[in-house]
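Peer 1: The structure file my_file_13.csv (CSV, C-alpha atoms and all ligand atoms) is provided below.
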```csv
chain,number,residue,atom,x,y,z
A,19,MET,CA,102.1,124.1,138.6
A,20,ASN,CA,102.2,120.5,137.4
A,21,LEU,CA,99.9,121.0,134.5
A,22,ILE,CA,101.4,118.8,131.7
A,23,LYS,CA,100.3,119.8,128.3
A,24,TYR,CA,100.8,117.0,125.8
A,25,GLU,CA,101.6,118.3,122.4
A,26,ASN,CA,100.9,116.7,119.1
A,27,MET,CA,103.9,114.5,118.8
A,28,TRP,CA,105.3,111.2,117.8
A,29,ILE,CA,106.1,108.7,120.6
A,30,PRO,CA,107.5,105.2,120.4
A,31,LYS,CA,105.0,102.4,120.4
A,32,SER,CA,104.9,100.0,123.4
A,33,ASP,CA,106.0,96.4,123.0
A,34,GLU,CA,102.4,95.3,123.1
A,35,GLU,CA,101.6,97.6,120.2
A,36,LEU,CA,104.5,96.4,118.2
A,37,LYS,CA,103.4,92.8,118.8
A,38,VAL,CA,99.9,93.7,117.5
A,39,ASP,CA,101.6,95.2,114.4
A,40,ILE,CA,103.5,91.9,113.8
A,41,LYS,CA,100.3,89.9,114.3
A,42,GLN,CA,98.6,92.1,111.8
A,43,LYS,CA,101.4,91.6,109.3
A,44,GLU,CA,101.2,87.8,109.8
A,45,LYS,CA,97.5,87.9,109.2
A,46,THR,CA,97.9,89.9,105.9
A,47,ALA,CA,100.6,87.5,104.7
A,48,ARG,CA,98.4,84.5,105.5
A,49,TYR,CA,95.4,86.0,103.8
A,50,CYS,CA,97.4,86.8,100.6
A,51,GLY,CA,98.9,83.4,100.6
A,52,LEU,CA,95.5,81.8,100.8
A,53,LEU,CA,94.2,84.1,98.2
A,54,ILE,CA,97.0,83.0,95.8
A,55,PHE,CA,96.3,79.4,96.7
A,56,PHE,CA,92.6,79.7,95.7
A,57,LEU,CA,93.0,82.1,92.8
A,58,ILE,CA,95.5,80.1,90.7
A,59,PRO,CA,93.3,77.0,90.2
A,60,VAL,CA,90.2,79.1,89.6
A,61,PHE,CA,92.1,81.2,87.1
A,62,GLU,CA,93.5,78.2,85.4
A,63,LEU,CA,90.1,76.4,85.3
A,64,VAL,CA,88.3,79.4,83.8
A,65,GLN,CA,91.2,79.9,81.3
A,66,ASN,CA,91.3,76.2,80.2
A,67,LYS,CA,87.6,75.7,80.1
A,68,PHE,CA,86.4,78.9,78.5
A,69,PHE,CA,89.3,80.6,76.8
A,70,GLY,CA,91.5,77.7,75.9
A,71,THR,CA,95.1,76.7,76.7
A,72,GLN,CA,96.5,78.7,73.7
A,73,ALA,CA,94.6,81.9,74.4
A,74,TYR,CA,97.3,83.6,76.4
A,75,ARG,CA,99.9,82.9,73.7
A,76,GLY,CA,98.2,85.2,71.4
A,77,ALA,CA,96.1,82.7,69.4
A,78,SER,CA,92.8,84.1,68.3
A,79,PHE,CA,91.1,80.9,69.6
A,80,GLY,CA,92.2,78.5,72.2
A,81,LEU,CA,92.0,74.8,72.7
A,82,THR,CA,89.5,74.4,75.5
A,83,LEU,CA,89.7,71.4,77.8
A,84,THR,CA,86.9,69.1,78.9
A,85,TRP,CA,85.9,68.8,82.5
A,86,VAL,CA,87.6,65.4,82.7
A,87,GLN,CA,90.9,66.8,81.4
A,88,ILE,CA,90.6,69.7,83.8
A,89,PHE,CA,89.8,67.3,86.7
A,90,ASN,CA,92.9,65.3,85.8
A,91,MET,CA,95.0,68.4,85.9
A,92,MET,CA,93.8,69.4,89.3
A,93,PRO,CA,96.3,67.6,91.5
A,94,GLY,CA,99.2,69.2,89.7
A,95,MET,CA,97.4,72.5,89.7
A,96,LEU,CA,96.8,72.3,93.4
A,97,PHE,CA,100.4,71.4,94.0
A,98,ILE,CA,101.5,74.5,92.1
A,99,SER,CA,99.1,76.8,93.8
A,100,CYS,CA,100.0,75.3,97.2
A,101,ILE,CA,103.7,76.0,96.6
A,102,SER,CA,102.9,79.5,95.2
A,103,GLY,CA,100.7,80.3,98.2
A,104,ILE,CA,103.4,79.3,100.7
A,105,LEU,CA,106.1,81.2,98.9
A,106,PHE,CA,103.9,84.3,98.7
A,107,TYR,CA,103.1,84.0,102.4
A,108,LEU,CA,106.8,83.6,103.4
A,109,ALA,CA,107.9,86.4,101.1
A,110,LEU,CA,105.2,88.8,102.4
A,111,ARG,CA,106.0,87.9,106.0
A,112,LYS,CA,109.7,88.5,105.5
A,113,TYR,CA,109.8,91.5,103.1
A,114,ASN,CA,106.7,93.4,103.8
A,115,ILE,CA,108.6,95.9,105.9
A,116,ASN,CA,107.9,99.6,106.0
A,117,THR,CA,111.3,101.2,105.6
A,118,THR,CA,110.2,104.8,106.1
A,119,GLN,CA,112.0,106.6,108.9
A,120,LEU,CA,110.8,109.6,110.7
A,121,CYS,CA,112.4,112.2,113.0
A,122,PRO,CA,109.9,112.4,116.0
A,123,LYS,CA,111.3,115.9,116.8
A,124,CYS,CA,110.6,117.7,113.6
A,125,GLY,CA,108.5,115.3,111.6
A,126,LYS,CA,110.9,114.9,108.7
A,127,LEU,CA,110.4,111.7,106.7
A,128,LYS,CA,113.0,109.8,104.8
A,129,ARG,CA,113.8,106.4,103.3
A,130,PHE,CA,115.7,104.0,105.4
A,131,ASN,CA,119.5,104.5,105.1
A,132,LYS,CA,122.6,104.8,107.3
A,133,VAL,CA,121.9,108.4,108.4
A,134,GLU,CA,120.7,108.3,112.0
A,135,ASN,CA,120.8,111.9,113.1
A,136,CYS,CA,118.4,114.5,111.8
A,137,GLU,CA,119.5,118.1,111.0
A,138,CYS,CA,117.3,119.3,113.9
A,139,GLY,CA,119.2,117.3,116.4
A,140,GLY,CA,116.6,114.5,116.7
A,141,LYS,CA,117.2,110.8,115.8
A,142,PHE,CA,115.5,109.0,113.0
A,143,ARG,CA,113.3,106.0,113.9
A,144,LEU,CA,111.3,103.6,111.8
A,145,LEU,CA,107.9,105.0,111.2
A,146,ASN,CA,106.1,101.8,112.1
A,147,GLU,CA,107.7,101.9,115.6
A,148,LEU,CA,106.1,105.2,116.3
A,149,LYS,CA,102.6,106.5,116.9
A,150,TRP,CA,101.0,109.9,116.8
A,151,ILE,CA,99.7,111.4,120.0
A,152,ASP,CA,97.1,114.1,119.7
A,153,ASN,CA,96.9,117.3,121.8
A,154,ASN,CA,96.3,116.6,125.5
A,155,GLU,CA,95.6,113.0,125.1
A,156,PRO,CA,96.6,111.4,128.4
A,157,GLU,CA,99.5,109.0,128.2
A,158,GLN,CA,98.7,105.4,129.0
A,201,ZN,ZN,114.4,116.3,112.9
```
In structure tokens, how does this file's structure come out?
Peer 2:
Amino acid sequence: MNLIKYENMWIPKSDEELKVDIKQKEKTARYCGLLIFFLIPVFELVQNKFFGTQAYRGASFGLTLTWVQIFNMMPGMLFISCISGILFYLALRKYNINTTQLCPKCGKLKRFNKVENCECGGKFRLLNELKWIDNNEPEQ
């Protein structure tokens, strides 16, 4: 009699799974921050050396810098890219939040707002706090 049939459905993630999600988000933020940190000096170097400092202002030719000039610019450049990388990292960590909400009962999706109750009688939850369970997959 006790044959439980698990249906395709959304269930809340466990605390462990939520922690894994947070770690993943941290990792992405760190990766993007580092990418910014490295890309800014590389971009500036290529720009100043091969295209010139005026090129981006619409001049047809630019004033390219020598390696010595570029070398002298590097401390300031690294400072800027360091700050940019950190800001990018902090912003991503704080604001990279999925605000999509889902009703686990009927599967309706919506943007995050004050409405908590779905028309079907279910309650909306943040999508990233839920996971999909396939048919008859045993619960852990
Ligand atoms: Zn619903």
Peer 1: Considering only C-alpha atoms and all ligand atoms, can you say which of A:Tyr49, A:Phe142, A:Trp150, A:Phe97 comes closest to ligand ZN 201 (chain A)?
Peer 2: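 Closest residue, counting only C-alpha atoms and all ligand atoms: A:Phe142.
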Peer 1: Check which residues fall inside 7 Å of ligand ZN 201 (chain A) when counting only C-alpha atoms and all ligand atoms, and print them as a list of chain:residue names.
Peer 2: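 Listed by chain and ascending number, the contacts are A:Cys121, A:Pro122, A:Lys123, A:Cys124, A:Gly125, A:Lys126, A:Cys136, A:Glu137, A:Cys138, A:Gly139, A:Gly140, A:Lys141.
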Peer 1: From the set A:Ile58, A:Val86, A:Leu127, A:Met92, which residue has the shortest atom-to-atom contact distance to A:Arg143, counting all atoms listed in the file?
Peer 2: A:Leu127
Peer 1: List the neighbours of stretch 29-33 of chain A out to 6 Å using all atoms listed in the file; skip same-chain residues closer than 5 positions along the sequence, and give me the result as a PyMOL selection string.
Peer 2: chain A and resi 147-149
Peer 1: Smallest atom-to-atom distance to A:Asn116: which of A:Ile40, A:Ser99, A:Val60, A:Asp152, using all atoms listed in the file?
Peer 2: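 The answer is A:Ile40, which sits nearest to A:Asn116.
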Peer 1: At what distance in Å, to one decimal, does atom CA of A:Tyr107 lie from atom CA of A:Ile88?
Peer 2: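 Between atom CA of A:Ile88 and atom CA of A:Tyr107 the gap is 26.6 Å.
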Peer 1: May I ask for the distance between atom CA of A:Leu83 and atom CA of A:Glu62, given in Å to one decimal place?
Peer 2: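 So the answer is 10.9 Å.
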Peer 1: May I ask for the distance between atom CA of A:Thr71 and atom CA of A:Ser102, given in Å to one decimal place?
Peer 2: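 Interatomic distance here is 20.3 Å.
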Peer 1: Pick from A:Cys50, A:Ile151, A:Val133, A:Leu36: nearest to A:Asn114, with only C-alpha atoms counted?
Peer 2: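 With only C-alpha atoms as the atom set, the closest residue is A:Cys50.
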Peer 1: Tell me which of A:Asn146, A:Asn66, A:Gln119, A:Gln42 sits closest to A:Met91, counting all atoms listed in the file.
Peer 2: A:Asn66
